[in-house]
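K.L.:
Below is the structure I would like to discuss, written out as structure tokens.
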Amino acid sequence: MIRIGISAIGCHVPERVVTNDELSKLVDTSDEWIVSHTGISERRIVAEGEAASDLGVHAARKVLQRRGIGPEDIDMIIVATSSPDYPFPATACIVQHQLGAGKAGAFDLSAGCTGFVYALDTAQALVAAGSARRVMVIGSEVLTSVTNWEDRNSCVLFGDGAGAVVIEALDDDTGHQIVHSWLRSDGAGETALLRPVSGSRNPFDPARHTAADMQIQMDGKRVYLFAVDAIVRTIRALCDHQGIAPADLAWIVPHQANLRIIEAAAKRLKLPTERFYTNLDRYANTSAASIPLAIDEMIDRSLLQTGQWVLLVGFGAGLTYGGNLLRW
Ligand code: UT7
């Protein structure tokens, strides 16, 4: 069986750092509350006019350079995002044009913060089926453009960023194999995390709707409880499928939403919290970009070794959840 997986990774975050103290000037909050309830200390926020495709292109150029290939070597571009440049056309098409990837197809994938996990499995399937040789998967988000900056329950949680990987058949002993993926959805949670207005369900009506109706609305408690359960179920399902125990995992790279969610899941799995890599203190929740941003940082810090089991796990709007088991 051919090994298919990640051959290179590259990320990009905006320069501007926004601290919790700065947010406390916008809404009734404090550094103490945000750190104690979420683990977040600061986040990156785009410059005015910067969109998801701009961050995605920066990350994509980095990954092409690291892989030592050109844009014409990419057959498909998948952008996982919940904050696309436009409802349509797809952000992936804008990235494709900016990169000069003239031989690539392009589409967006909407699976909330689980988008990167879903896109890895999709990319692997395209390569396995022979319809693409190399797929560029990009998680890119500018969630701060759809954040309600008057809602302290949600505005403190999000940040902007992008991460890109190349998925292809791997030569012996190179790259990081995607061994198995497990994807699920619980659409009964439709209203737990959404932007209610501007789609076909509720087209924008200036007589009835305000800006807040087009921004993120979230039932934090409900998402919290779902998220802990989603992490535990995903890890157990992937480990059971592979015939390994959660304790055999060298690293778990969770979607970076809230440190307390990760601690609660670790406790239920009887795993040390340190087994879960986190960098949400500096980037907050960057949705579909959070897992590649974490992996890139782990590589920089030489935390990942050949042969290790590494599990990526995501959860988010949909409600979607799932993960990928990698052999590093
Ligand atoms: O990718 C998935 C994205 N979504 C998530 O990850 C969200 C999951 N949920 C959570 O992370 C947590 O539920 C939150 C961080 C959103 C909230 O934390 P919590 O410990 O569940 O707080 P809570 O909702 O129980 O609120 C406790 C209190 C409330 O005040 P009262 O009603 O007790 O007076 C809130 O109004 O904290 C208040 N509060 C805040 N206070 C200061 C909520 N947000 C803030 C804030 N600053 N930013």
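Note on naming: chains are A, B, ... as they come in the structure tokens, residues start from 1 per chain, ligands start from 1 in the order shown.
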To test your reading of the structure, identify every residue in stretch 105-263 of chain A that backbone DSSP assigns to strand (DSSP E or B), and report it as a PyMOL selection string.

P.N.:
chain A and resi 105-109+134-142+158+160-169+176-185+193-194+217-218+251-254

K.L.:
Hey, can you spit out that residue selection with N, CA and C atoms as a compact mmCIF listing (two decimals), in the first residue's frame?

P.N.:
```txt
# COMPACT_ATOMS: atom_id res chain seq x y z
N GLY A 105 -6.91 22.51 -9.71
CA GLY A 105 -8.29 22.77 -9.34
C GLY A 105 -8.30 23.42 -7.97
N ALA A 106 -9.45 23.96 -7.58
CA ALA A 106 -9.48 24.67 -6.29
C ALA A 106 -10.89 24.69 -5.73
N PHE A 107 -11.01 24.38 -4.45
CA PHE A 107 -12.32 24.51 -3.79
C PHE A 107 -12.14 24.74 -2.30
N ASP A 108 -13.19 25.33 -1.70
CA ASP A 108 -13.18 25.56 -0.25
C ASP A 108 -13.89 24.40 0.44
N LEU A 109 -13.51 24.19 1.67
CA LEU A 109 -14.13 23.14 2.48
C LEU A 109 -14.63 23.79 3.77
N ARG A 134 -0.36 15.89 -6.24
CA ARG A 134 -0.04 16.72 -5.06
C ARG A 134 -1.22 17.65 -4.76
N VAL A 135 -1.66 17.63 -3.51
CA VAL A 135 -2.74 18.50 -3.07
C VAL A 135 -2.20 19.47 -2.03
N MET A 136 -2.50 20.75 -2.21
CA MET A 136 -2.15 21.74 -1.18
C MET A 136 -3.38 21.95 -0.31
N VAL A 137 -3.23 21.66 0.98
CA VAL A 137 -4.31 21.90 1.95
C VAL A 137 -3.95 23.13 2.76
N ILE A 138 -4.86 24.08 2.79
CA ILE A 138 -4.61 25.32 3.54
C ILE A 138 -5.76 25.54 4.52
N GLY A 139 -5.44 25.76 5.78
CA GLY A 139 -6.43 26.24 6.74
C GLY A 139 -6.16 27.72 6.90
N SER A 140 -7.11 28.57 6.53
CA SER A 140 -6.86 30.00 6.62
C SER A 140 -8.09 30.72 7.16
N GLU A 141 -7.87 31.54 8.17
CA GLU A 141 -9.01 32.19 8.82
C GLU A 141 -8.72 33.64 9.19
N VAL A 142 -9.72 34.47 8.94
CA VAL A 142 -9.74 35.83 9.48
C VAL A 142 -11.07 35.95 10.25
N PHE A 158 -11.03 34.50 19.59
CA PHE A 158 -10.56 34.21 18.24
C PHE A 158 -9.34 35.03 17.81
N ASP A 160 -6.39 35.33 14.07
CA ASP A 160 -6.24 35.10 12.63
C ASP A 160 -4.93 34.36 12.32
N GLY A 161 -4.94 33.57 11.25
CA GLY A 161 -3.71 32.88 10.86
C GLY A 161 -3.98 31.89 9.74
N ALA A 162 -2.90 31.31 9.21
CA ALA A 162 -3.04 30.32 8.13
C ALA A 162 -1.91 29.29 8.22
N GLY A 163 -2.26 28.06 7.85
CA GLY A 163 -1.26 27.00 7.79
C GLY A 163 -1.49 26.18 6.54
N ALA A 164 -0.40 25.78 5.87
CA ALA A 164 -0.54 25.02 4.62
C ALA A 164 0.33 23.78 4.67
N VAL A 165 -0.15 22.70 4.05
CA VAL A 165 0.66 21.47 3.90
C VAL A 165 0.52 20.97 2.47
N VAL A 166 1.52 20.20 2.04
CA VAL A 166 1.41 19.48 0.77
C VAL A 166 1.17 18.01 1.11
N ILE A 167 0.13 17.44 0.47
CA ILE A 167 -0.20 16.02 0.67
C ILE A 167 0.13 15.28 -0.63
N GLU A 168 0.90 14.21 -0.52
CA GLU A 168 1.29 13.44 -1.71
C GLU A 168 1.75 12.05 -1.29
N ALA A 169 1.99 11.19 -2.27
CA ALA A 169 2.57 9.87 -1.99
C ALA A 169 4.00 10.11 -1.50
N HIS A 176 5.25 12.37 6.54
CA HIS A 176 4.49 12.00 7.73
C HIS A 176 3.16 11.42 7.28
N GLN A 177 3.06 10.09 7.42
CA GLN A 177 1.94 9.37 6.81
C GLN A 177 0.61 9.61 7.54
N ILE A 178 -0.44 9.85 6.77
CA ILE A 178 -1.80 9.88 7.33
C ILE A 178 -2.27 8.43 7.32
N VAL A 179 -2.29 7.81 8.49
CA VAL A 179 -2.59 6.38 8.56
C VAL A 179 -4.09 6.12 8.52
N HIS A 180 -4.84 6.95 9.22
CA HIS A 180 -6.30 6.77 9.24
C HIS A 180 -6.96 8.07 9.70
N SER A 181 -8.15 8.33 9.15
CA SER A 181 -8.91 9.51 9.59
C SER A 181 -10.29 9.07 10.04
N TRP A 182 -10.88 9.83 10.92
CA TRP A 182 -12.21 9.52 11.47
C TRP A 182 -12.97 10.83 11.57
N LEU A 183 -14.04 10.96 10.77
CA LEU A 183 -14.76 12.23 10.67
C LEU A 183 -16.23 12.04 11.07
N ARG A 184 -16.75 12.95 11.85
CA ARG A 184 -18.14 12.86 12.28
C ARG A 184 -18.80 14.25 12.29
N SER A 185 -20.15 14.24 12.33
CA SER A 185 -20.91 15.49 12.40
C SER A 185 -22.14 15.27 13.26
N LEU A 193 -23.21 27.27 17.17
CA LEU A 193 -22.11 28.12 16.72
C LEU A 193 -22.38 28.45 15.26
N LEU A 194 -22.77 29.71 15.02
CA LEU A 194 -23.16 30.05 13.63
C LEU A 194 -23.13 31.55 13.39
N GLN A 217 -22.22 33.91 16.48
CA GLN A 217 -23.04 33.74 17.68
C GLN A 217 -22.77 32.34 18.22
N MET A 218 -22.58 32.27 19.53
CA MET A 218 -22.15 30.98 20.08
C MET A 218 -22.78 30.71 21.44
N TRP A 251 2.16 12.41 20.77
CA TRP A 251 1.58 13.76 20.84
C TRP A 251 0.15 13.75 20.35
N ILE A 252 -0.67 14.55 20.99
CA ILE A 252 -2.00 14.86 20.47
C ILE A 252 -1.97 16.36 20.14
N VAL A 253 -2.36 16.69 18.92
CA VAL A 253 -2.41 18.11 18.52
C VAL A 253 -3.88 18.48 18.38
N PRO A 254 -4.45 19.08 19.44
CA PRO A 254 -5.88 19.38 19.40
C PRO A 254 -6.13 20.74 18.74
```

K.L.:
Counting only C-alpha atoms and all ligand atoms, name the residues that have an atom within 9 Å of an atom of ligand 1; the answer should be given as a PyMOL selection string.

P.N.:
chain A and resi 23-24+27-34+36-38+112-114+151-158+193+218-227+255-261+285-288+314-317

K.L.:
List every residue of stretch 121-321 of chain A that DSSP, applied to the backbone of this structure, places in helix (DSSP H, G or I), and write the result as number ranges by chain.

P.N.:
A: 121-129, 143-145, 152-155, 187-189, 211-214, 220-242, 246-248, 259-269, 273-275, 280-283, 287-300

K.L.:
Atom CA of A:Ala128 and atom CA of A:Gly187 are how many Å apart?

P.N.:
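About the pair atom CA of A:Ala128 and atom CA of A:Gly187: they are 28.6 Å apart.
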
K.L.:
Work out how far apart atom CA of A:Ala119 and atom CA of A:Ser200 are and give it in Å to one decimal.

P.N.:
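If I compute the distance from atom CA of A:Ala119 to atom CA of A:Ser200, I get 24.6 Å.
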